[in-house]
$ cat entry-v3.pdb   # PDB, C-alpha atoms
MODEL        1
ATOM      1  CA  MET Q 336     -36.001  73.681 -23.458
ATOM      2  CA  GLU Q 337     -33.353  71.032 -24.153
ATOM      3  CA  PRO Q 338     -34.490  67.432 -24.378
ATOM      4  CA  THR Q 339     -33.588  65.360 -21.348
ATOM      5  CA  PRO Q 340     -31.016  62.663 -22.067
ATOM      6  CA  SER Q 341     -32.193  59.079 -22.287
ATOM      7  CA  PRO Q 342     -31.494  57.141 -19.077
ATOM      8  CA  ILE Q 343     -29.849  54.452 -21.211
ATOM      9  CA  PRO Q 344     -27.092  55.670 -23.519
ATOM     10  CA  SER Q 345     -27.404  55.219 -27.246
ATOM     11  CA  ALA Q 346     -25.958  52.030 -28.737
ATOM     12  CA  GLU Q 347     -23.808  54.159 -30.985
ATOM     13  CA  GLY Q 348     -20.181  53.521 -30.185
ATOM     14  CA  MET Q 349     -20.899  50.257 -28.383
ATOM     15  CA  HIS Q 350     -18.862  48.446 -31.029
ATOM     16  CA  LEU Q 351     -21.093  45.432 -31.477
ATOM     17  CA  ARG Q 352     -19.831  43.468 -34.445
ATOM     18  CA  ARG Q 353     -20.344  40.140 -36.168
ATOM     19  CA  LEU Q 354     -17.543  37.793 -35.152
ATOM     20  CA  ARG Q 355     -16.960  36.845 -38.797
ATOM     21  CA  ASP Q 356     -16.065  40.482 -39.534
ATOM     22  CA  LEU Q 357     -13.297  40.461 -36.921
ATOM     23  CA  THR Q 358     -10.704  38.568 -38.941
ATOM     24  CA  ASP Q 359      -8.129  38.767 -36.141
ATOM     25  CA  PHE Q 360     -10.424  36.973 -33.670
ATOM     26  CA  GLU Q 361     -11.765  33.448 -33.217
ATOM     27  CA  VAL Q 362     -13.877  31.480 -30.744
ATOM     28  CA  ALA Q 363     -11.768  30.632 -27.670
ATOM     29  CA  ASP Q 364     -10.712  27.011 -27.117
ATOM     30  CA  ASP Q 365     -12.936  26.457 -24.042
ATOM     31  CA  SER Q 366     -16.036  27.858 -25.750
ATOM     32  CA  PRO Q 367     -18.025  25.879 -28.317
ATOM     33  CA  ASP Q 368     -18.618  27.638 -31.627
ATOM     34  CA  VAL Q 369     -22.413  27.515 -31.712
ATOM     35  CA  ARG Q 370     -22.776  28.870 -35.248
ATOM     36  CA  GLY Q 371     -24.875  26.385 -37.184
ATOM     37  CA  TRP Q 372     -26.462  24.885 -34.057
ATOM     38  CA  ALA Q 373     -30.225  24.382 -33.860
ATOM     39  CA  VAL Q 374     -32.177  26.875 -31.749
ATOM     40  CA  ARG Q 375     -35.097  25.394 -29.842
ATOM     41  CA  GLY Q 376     -37.832  27.029 -27.829
ATOM     42  CA  GLY Q 377     -39.121  26.182 -24.385
ATOM     43  CA  ASP Q 378     -41.298  23.499 -25.984
ATOM     44  CA  GLY Q 379     -38.231  21.763 -27.493
ATOM     45  CA  HIS Q 380     -39.231  22.504 -31.090
ATOM     46  CA  LYS Q 381     -36.637  23.953 -33.424
ATOM     47  CA  PHE Q 382     -37.364  27.449 -34.745
ATOM     48  CA  GLY Q 383     -34.006  28.366 -36.287
ATOM     49  CA  ASP Q 384     -30.227  28.056 -36.404
ATOM     50  CA  VAL Q 385     -27.464  30.236 -34.981
ATOM     51  CA  SER Q 386     -26.188  32.172 -37.973
ATOM     52  CA  GLU Q 387     -23.618  34.415 -36.290
ATOM     53  CA  LEU Q 388     -22.299  35.703 -32.975
ATOM     54  CA  ILE Q 389     -22.671  39.422 -32.272
ATOM     55  CA  VAL Q 390     -19.809  40.451 -30.020
ATOM     56  CA  GLU Q 391     -18.492  43.386 -28.073
ATOM     57  CA  GLU Q 392     -14.876  43.408 -29.208
ATOM     58  CA  GLU Q 393     -13.396  45.416 -26.346
ATOM     59  CA  ALA Q 394     -14.990  43.208 -23.676
ATOM     60  CA  LEU Q 395     -14.298  39.939 -25.568
ATOM     61  CA  LYS Q 396     -17.906  38.933 -24.902
ATOM     62  CA  VAL Q 397     -20.718  37.555 -27.017
ATOM     63  CA  ARG Q 398     -23.777  39.770 -26.527
ATOM     64  CA  TYR Q 399     -26.261  38.290 -29.049
ATOM     65  CA  LEU Q 400     -26.919  35.197 -31.086
ATOM     66  CA  ASP Q 401     -27.999  36.033 -34.642
ATOM     67  CA  VAL Q 402     -30.638  33.393 -35.338
ATOM     68  CA  GLU Q 403     -31.918  32.629 -38.811
ATOM     69  CA  LEU Q 404     -35.512  31.491 -38.467
ATOM     70  CA  ASP Q 405     -36.548  28.211 -40.028
ATOM     71  CA  SER Q 406     -38.113  28.500 -43.487
ATOM     72  CA  SER Q 407     -41.080  26.417 -42.262
ATOM     73  CA  LEU Q 408     -42.207  29.465 -40.261
ATOM     74  CA  ASN Q 409     -43.057  31.207 -43.553
ATOM     75  CA  VAL Q 410     -41.404  34.476 -42.571
ATOM     76  CA  ASN Q 411     -40.457  36.748 -45.452
ATOM     77  CA  ARG Q 412     -36.737  36.770 -46.245
ATOM     78  CA  HIS Q 413     -36.280  40.304 -44.875
ATOM     79  CA  GLU Q 414     -37.486  39.215 -41.442
ATOM     80  CA  ARG Q 415     -35.713  35.838 -41.203
ATOM     81  CA  HIS Q 416     -33.130  36.941 -38.633
ATOM     82  CA  ILE Q 417     -33.587  37.786 -34.958
ATOM     83  CA  LEU Q 418     -31.092  38.548 -32.205
ATOM     84  CA  ILE Q 419     -31.276  36.674 -28.925
ATOM     85  CA  PRO Q 420     -29.448  38.108 -25.883
ATOM     86  CA  VAL Q 421     -26.900  35.447 -24.958
ATOM     87  CA  GLY Q 422     -27.991  35.220 -21.303
ATOM     88  CA  VAL Q 423     -31.562  34.152 -22.099
ATOM     89  CA  ALA Q 424     -30.344  31.058 -23.960
ATOM     90  CA  ALA Q 425     -28.612  27.909 -22.723
ATOM     91  CA  LEU Q 426     -26.519  25.225 -24.378
ATOM     92  CA  ASP Q 427     -27.565  21.603 -24.499
ATOM     93  CA  GLU Q 428     -25.225  19.540 -22.310
ATOM     94  CA  GLU Q 429     -24.483  17.032 -25.073
ATOM     95  CA  GLY Q 430     -26.136  17.866 -28.401
ATOM     96  CA  ASP Q 431     -25.568  20.829 -30.681
ATOM     97  CA  ASN Q 432     -28.671  22.695 -29.547
ATOM     98  CA  VAL Q 433     -29.311  26.132 -28.080
ATOM     99  CA  PHE Q 434     -32.417  26.445 -25.913
ATOM    100  CA  VAL Q 435     -34.385  29.674 -25.476
ATOM    101  CA  PRO Q 436     -37.020  28.797 -22.845
ATOM    102  CA  SER Q 437     -38.897  32.099 -23.213
ATOM    103  CA  LEU Q 438     -39.652  31.586 -26.938
ATOM    104  CA  ASN Q 439     -41.366  28.979 -29.085
ATOM    105  CA  LYS Q 440     -42.348  28.565 -32.754
ATOM    106  CA  GLU Q 441     -45.410  30.772 -32.275
ATOM    107  CA  SER Q 442     -44.024  33.539 -30.064
ATOM    108  CA  VAL Q 443     -40.927  33.974 -32.218
ATOM    109  CA  LEU Q 444     -43.213  35.281 -34.984
ATOM    110  CA  ASP Q 445     -43.942  38.347 -32.811
ATOM    111  CA  TYR Q 446     -40.266  38.931 -32.008
ATOM    112  CA  PRO Q 447     -38.629  42.027 -33.562
ATOM    113  CA  PRO Q 448     -36.745  41.048 -36.736
ATOM    114  CA  TYR Q 449     -33.081  41.946 -37.144
ATOM    115  CA  GLU Q 450     -31.772  43.469 -40.337
ATOM    116  CA  GLU Q 451     -28.002  43.605 -40.530
ATOM    117  CA  ILE Q 452     -27.786  47.259 -39.690
ATOM    118  CA  GLN Q 453     -26.507  48.994 -36.597
ATOM    119  CA  ILE Q 454     -28.106  47.710 -33.435
ATOM    120  CA  THR Q 455     -29.874  50.605 -31.773
ATOM    121  CA  ARG Q 456     -30.766  50.876 -28.116
ATOM    122  CA  GLU Q 457     -34.439  51.013 -29.178
ATOM    123  CA  TYR Q 458     -34.066  47.635 -30.898
ATOM    124  CA  GLU Q 459     -32.315  46.188 -27.836
ATOM    125  CA  GLU Q 460     -35.132  47.414 -25.617
ATOM    126  CA  ALA Q 461     -37.756  45.960 -27.997
ATOM    127  CA  MET Q 462     -36.047  42.557 -27.734
ATOM    128  CA  LEU Q 463     -36.082  42.687 -23.944
ATOM    129  CA  ARG Q 464     -39.761  43.681 -23.917
ATOM    130  CA  SER Q 465     -40.593  40.775 -26.282
ATOM    131  CA  LEU Q 466     -38.887  38.439 -23.834
ATOM    132  CA  LYS Q 467     -40.850  40.064 -20.971
ATOM    133  CA  LEU Q 468     -37.616  41.166 -19.292
ATOM    134  CA  PRO Q 469     -37.050  44.426 -17.428
ATOM    135  CA  LEU Q 470     -34.985  47.140 -19.053
ATOM    136  CA  PRO Q 471     -31.605  47.722 -17.402
ATOM    137  CA  GLU Q 472     -31.517  50.508 -14.864
ATOM    138  CA  ALA Q 473     -29.699  53.683 -15.860
ATOM    139  CA  ARG Q 474     -27.091  53.323 -13.134
ATOM    140  CA  SER Q 475     -25.722  50.053 -14.515
ATOM    141  CA  SER Q 476     -23.991  49.207 -17.743
ATOM    142  CA  PHE Q 477     -26.555  47.907 -20.238
ATOM    143  CA  TYR Q 478     -24.698  44.613 -20.706
ATOM    144  CA  ASP Q 479     -24.001  44.022 -16.997
ATOM    145  CA  ASN Q 480     -27.412  42.400 -16.582
ATOM    146  CA  ASP Q 481     -28.756  38.829 -16.658
ATOM    147  CA  PRO Q 482     -29.934  38.855 -20.305
ATOM    148  CA  TYR Q 483     -26.280  39.356 -21.307
ATOM    149  CA  ASN Q 484     -24.656  36.975 -18.818
ATOM    150  CA  GLU Q 485     -22.749  34.662 -21.113
ATOM    151  CA  GLN Q 486     -21.684  32.462 -18.181
ATOM    152  CA  ARG Q 487     -25.333  31.347 -17.914
ATOM    153  CA  PHE Q 488     -25.254  30.506 -21.616
ATOM    154  CA  TYR Q 489     -22.033  28.456 -21.533
ATOM    155  CA  GLN Q 490     -22.387  26.869 -18.067
ATOM    156  CA  ASN Q 491     -23.392  23.435 -19.444
ATOM    157  CA  ARG Q 492     -20.377  23.226 -21.733
ATOM    158  CA  ARG Q 493     -17.386  24.678 -19.911
ATOM    159  CA  SER Q 494     -16.066  24.376 -16.399
ATOM    160  CA  ALA Q 495     -14.541  27.808 -15.757
ATOM    161  CA  PRO Q 496     -15.403  31.366 -16.808
ATOM    162  CA  ASN Q 497     -13.231  32.706 -19.609
ATOM    163  CA  ASP Q 498     -13.399  34.955 -22.633
ATOM    164  CA  THR Q 499     -15.675  33.658 -25.361
ATOM    165  CA  PHE Q 500     -13.469  34.692 -28.217
ATOM    166  CA  ARG Q 501      -9.849  35.723 -28.512
ATOM    167  CA  LYS Q 502      -7.269  37.230 -30.798
ATOM    168  CA  ARG Q 503      -6.005  34.665 -33.312
ATOM    169  CA  VAL Q 504      -2.640  33.124 -32.598
ATOM    170  CA  ASN Q 505      -0.519  33.043 -35.739
TER     171      ASN Q 505
ENDMDL
END
$ encode --input "entry-v3.pdb" --output "structure tokens"
Amino acid sequence: MEPTPSPIPSAEGMHLRRLRDLTDFEVADDSPDVRGWAVRGGDGHKFGDVSELIVEEEALKVRYLDVELDSSLNVNRHERHILIPVGVAALDEEGDNVFVPSLNKESVLDYPPYEEIQITREYEEAMLRSLKLPLPEARSSFYDNDPYNEQRFYQNRRSAPNDTFRKRVN
């Protein structure tokens, strides 16, 4: 008997990349470049900094924030990075802060660590479960769901929807 296909397609071929690796692209003018910004939990305490943006090149959308956890959390160096779906975070209206209301300094220790390898669908599902979010239904595109709604993320810092990053203008 053949195995039944997974209701959610594999992440292979999804083309998620670090923005820094896409040398022909940059953050769009209307979107703040949040790399280096403090990441704070629902309690307001800092637990890390945005290290990189993980993007879907074809859609010109940020899908994840690569967060390097603060050294004060005493996490070993191999588990210092986590990915946060962009739609579960929000930008501070004035300061250079990213807020993730569903995490704090304690709960982030139980979050699945990210090693800079291919992002699998299993890892994406583990992140959503850690955030106590439902898994996307099979009939929809994985990224066409609230945890990946970048408009929610940027709403405090830009007036109109637009692409988050763009091809460099020479």
$ resolve_selection --input "entry-v3.pdb" --expression "the PyMOL selection byres ((chain Q and resi 354-359) around 12)" --output "ChimeraX atom specification"
/Q:350-353,360-363,368-370,386-393,395-401,499-505
$ write_last_selection --input "entry-v3.pdb" --atoms "C-alpha atoms" --output "PDB file, in the frame of the given file"
ATOM      1  CA  HIS Q 350     -18.862  48.446 -31.029  1.00  0.00           C
ATOM      2  CA  LEU Q 351     -21.093  45.432 -31.477  1.00  0.00           C
ATOM      3  CA  ARG Q 352     -19.831  43.468 -34.445  1.00  0.00           C
ATOM      4  CA  ARG Q 353     -20.344  40.140 -36.168  1.00  0.00           C
ATOM      5  CA  PHE Q 360     -10.424  36.973 -33.670  1.00  0.00           C
ATOM      6  CA  GLU Q 361     -11.765  33.448 -33.217  1.00  0.00           C
ATOM      7  CA  VAL Q 362     -13.877  31.480 -30.744  1.00  0.00           C
ATOM      8  CA  ALA Q 363     -11.768  30.632 -27.670  1.00  0.00           C
ATOM      9  CA  ASP Q 368     -18.618  27.638 -31.627  1.00  0.00           C
ATOM     10  CA  VAL Q 369     -22.413  27.515 -31.712  1.00  0.00           C
ATOM     11  CA  ARG Q 370     -22.776  28.870 -35.248  1.00  0.00           C
ATOM     12  CA  SER Q 386     -26.188  32.172 -37.973  1.00  0.00           C
ATOM     13  CA  GLU Q 387     -23.618  34.415 -36.290  1.00  0.00           C
ATOM     14  CA  LEU Q 388     -22.299  35.703 -32.975  1.00  0.00           C
ATOM     15  CA  ILE Q 389     -22.671  39.422 -32.272  1.00  0.00           C
ATOM     16  CA  VAL Q 390     -19.809  40.451 -30.020  1.00  0.00           C
ATOM     17  CA  GLU Q 391     -18.492  43.386 -28.073  1.00  0.00           C
ATOM     18  CA  GLU Q 392     -14.876  43.408 -29.208  1.00  0.00           C
ATOM     19  CA  GLU Q 393     -13.396  45.416 -26.346  1.00  0.00           C
ATOM     20  CA  LEU Q 395     -14.298  39.939 -25.568  1.00  0.00           C
ATOM     21  CA  LYS Q 396     -17.906  38.933 -24.902  1.00  0.00           C
ATOM     22  CA  VAL Q 397     -20.718  37.555 -27.017  1.00  0.00           C
ATOM     23  CA  ARG Q 398     -23.777  39.770 -26.527  1.00  0.00           C
ATOM     24  CA  TYR Q 399     -26.261  38.290 -29.049  1.00  0.00           C
ATOM     25  CA  LEU Q 400     -26.919  35.197 -31.086  1.00  0.00           C
ATOM     26  CA  ASP Q 401     -27.999  36.033 -34.642  1.00  0.00           C
ATOM     27  CA  THR Q 499     -15.675  33.658 -25.361  1.00  0.00           C
ATOM     28  CA  PHE Q 500     -13.469  34.692 -28.217  1.00  0.00           C
ATOM     29  CA  ARG Q 501      -9.849  35.723 -28.512  1.00  0.00           C
ATOM     30  CA  LYS Q 502      -7.269  37.230 -30.798  1.00  0.00           C
ATOM     31  CA  ARG Q 503      -6.005  34.665 -33.312  1.00  0.00           C
ATOM     32  CA  VAL Q 504      -2.640  33.124 -32.598  1.00  0.00           C
ATOM     33  CA  ASN Q 505      -0.519  33.043 -35.739  1.00  0.00           C
TER      34      ASN Q 505
END
$ residues_around --input "entry-v3.pdb" --residues "Q:Val410" --least-positions-apart "3" --cutoff "12 Å" --atoms "only C-alpha atoms" --output "NGL selection string"
:Q and (382-383 or 403-407 or 413-417 or 440-441 or 443-446 or 448)
$ closest_atom_pairs --input "entry-v3.pdb" --of "stretch 387-437 of chain Q" --to "stretch 472-482 of chain Q" --cutoff "6 Å" --atoms "all atoms listed in the file" --output "CSV"
residue,atom,partner,partner_atom,distance
Q:Pro420,CA,Q:Pro482,CA,5.6
Q:Gly422,CA,Q:Pro482,CA,4.2
Q:Val423,CA,Q:Pro482,CA,5.3
$ atom_distance --input "entry-v3.pdb" --atom1 "atom CA of Q:Asp384" --atom2 "atom CA of Q:Pro471"
27.4 Å
$ closest_residue --input "entry-v3.pdb" --among "Q:Glu451, Q:Glu485, Q:Glu459, Q:Asp431" --to "Q:Gly371" --atoms "all atoms listed in the file"
Q:Asp431
$ residues_around --input "entry-v3.pdb" --residues "Q:Ser465" --least-positions-apart "2" --cutoff "9 Å" --atoms "only C-alpha atoms" --output "PDB file with C-alpha atoms, keeping the file's coordinate frame"
ATOM      1  CA  SER Q 442     -44.024  33.539 -30.064  1.00  0.00           C
ATOM      2  CA  ASP Q 445     -43.942  38.347 -32.811  1.00  0.00           C
ATOM      3  CA  TYR Q 446     -40.266  38.931 -32.008  1.00  0.00           C
ATOM      4  CA  PRO Q 447     -38.629  42.027 -33.562  1.00  0.00           C
ATOM      5  CA  GLU Q 460     -35.132  47.414 -25.617  1.00  0.00           C
ATOM      6  CA  ALA Q 461     -37.756  45.960 -27.997  1.00  0.00           C
ATOM      7  CA  MET Q 462     -36.047  42.557 -27.734  1.00  0.00           C
ATOM      8  CA  LEU Q 463     -36.082  42.687 -23.944  1.00  0.00           C
ATOM      9  CA  LYS Q 467     -40.850  40.064 -20.971  1.00  0.00           C
ATOM     10  CA  LEU Q 468     -37.616  41.166 -19.292  1.00  0.00           C
TER      11      LEU Q 468
END
$ atom_distance --input "entry-v3.pdb" --atom1 "atom CA of Q:Tyr483" --atom2 "atom CA of Q:Glu428"
19.9 Å
$ atom_distance --input "entry-v3.pdb" --atom1 "atom CA of Q:Gly376" --atom2 "atom CA of Q:Asp364"
27.1 Å
$ axis_aligned_box --input "entry-v3.pdb" --around "stretch 395-403 of chain Q" --padding-each-side "6 Å" --output "JSON"
{"center_x": -23.1, "center_y": 36.3, "center_z": -31.9, "size_x": 29.6, "size_y": 19.3, "size_z": 25.9}
$ closest_residue --input "entry-v3.pdb" --among "Q:Leu438, Q:Gln453, Q:Gln490, Q:Ala425" --to "Q:Lys381" --atoms "only C-alpha atoms"
Q:Leu438
$ closest_residue --input "entry-v3.pdb" --among "Q:Val374, Q:Asp427, Q:Tyr458, Q:Leu408" --to "Q:Leu470" --atoms "only C-alpha atoms"
Q:Tyr458
$ closest_residue --input "entry-v3.pdb" --among "Q:Ala424, Q:Asn484, Q:Val402, Q:Asn432" --to "Q:Ala373" --atoms "all atoms listed in the file"
Q:Asn432
$ residues_around --input "entry-v3.pdb" --residues "Q:Gly377" --least-positions-apart "3" --cutoff "9 Å" --atoms "all atoms listed in the file" --output "JSON, numbers by chain"
{"Q": [380, 434, 435, 436, 437, 438, 439]}
$ decode --input "entry-v3.pdb" --residues "stretch 352-365 of chain Q" --atoms "N, CA and C atoms" --output "JSON list (two decimals), in the first residue's frame"
[["chain", "number", "residue", "atom", "x", "y", "z"],
["Q", 352, "ARG", "N", 14.47, 31.89, 1.68],
["Q", 352, "ARG", "CA", 15.89, 32.24, 1.68],
["Q", 352, "ARG", "C", 16.13, 33.36, 2.68],
["Q", 353, "ARG", "N", 17.38, 33.49, 3.12],
["Q", 353, "ARG", "CA", 17.77, 34.65, 3.92],
["Q", 353, "ARG", "C", 17.88, 35.84, 2.97],
["Q", 354, "LEU", "N", 17.36, 36.98, 3.37],
["Q", 354, "LEU", "CA", 17.42, 38.15, 2.51],
["Q", 354, "LEU", "C", 18.86, 38.51, 2.17],
["Q", 355, "ARG", "N", 19.77, 38.35, 3.11],
["Q", 355, "ARG", "CA", 21.17, 38.71, 2.84],
["Q", 355, "ARG", "C", 21.79, 37.87, 1.71],
["Q", 356, "ASP", "N", 21.23, 36.69, 1.46],
["Q", 356, "ASP", "CA", 21.75, 35.84, 0.39],
["Q", 356, "ASP", "C", 21.23, 36.25, -0.98],
["Q", 357, "LEU", "N", 20.22, 37.09, -1.02],
["Q", 357, "LEU", "CA", 19.64, 37.54, -2.28],
["Q", 357, "LEU", "C", 20.25, 38.90, -2.63],
["Q", 358, "THR", "N", 21.43, 38.87, -3.20],
["Q", 358, "THR", "CA", 22.20, 40.10, -3.41],
["Q", 358, "THR", "C", 21.53, 41.09, -4.35],
["Q", 359, "ASP", "N", 20.57, 40.65, -5.14],
["Q", 359, "ASP", "CA", 19.85, 41.54, -6.04],
["Q", 359, "ASP", "C", 18.62, 42.17, -5.40],
["Q", 360, "PHE", "N", 18.39, 41.90, -4.11],
["Q", 360, "PHE", "CA", 17.19, 42.41, -3.44],
["Q", 360, "PHE", "C", 17.56, 43.23, -2.21],
["Q", 361, "GLU", "N", 16.65, 44.10, -1.82],
["Q", 361, "GLU", "CA", 16.81, 44.93, -0.62],
["Q", 361, "GLU", "C", 15.45, 45.17, 0.00],
["Q", 362, "VAL", "N", 15.44, 45.68, 1.23],
["Q", 362, "VAL", "CA", 14.19, 46.03, 1.90],
["Q", 362, "VAL", "C", 13.58, 47.21, 1.15],
["Q", 363, "ALA", "N", 12.28, 47.14, 0.88],
["Q", 363, "ALA", "CA", 11.58, 48.21, 0.15],
["Q", 363, "ALA", "C", 11.56, 49.49, 0.97],
["Q", 364, "ASP", "N", 11.45, 50.62, 0.28],
["Q", 364, "ASP", "CA", 11.51, 51.94, 0.92],
["Q", 364, "ASP", "C", 10.46, 52.13, 2.01],
["Q", 365, "ASP", "N", 9.24, 51.64, 1.82],
["Q", 365, "ASP", "CA", 8.16, 51.85, 2.80],
["Q", 365, "ASP", "C", 8.21, 50.88, 3.98]]
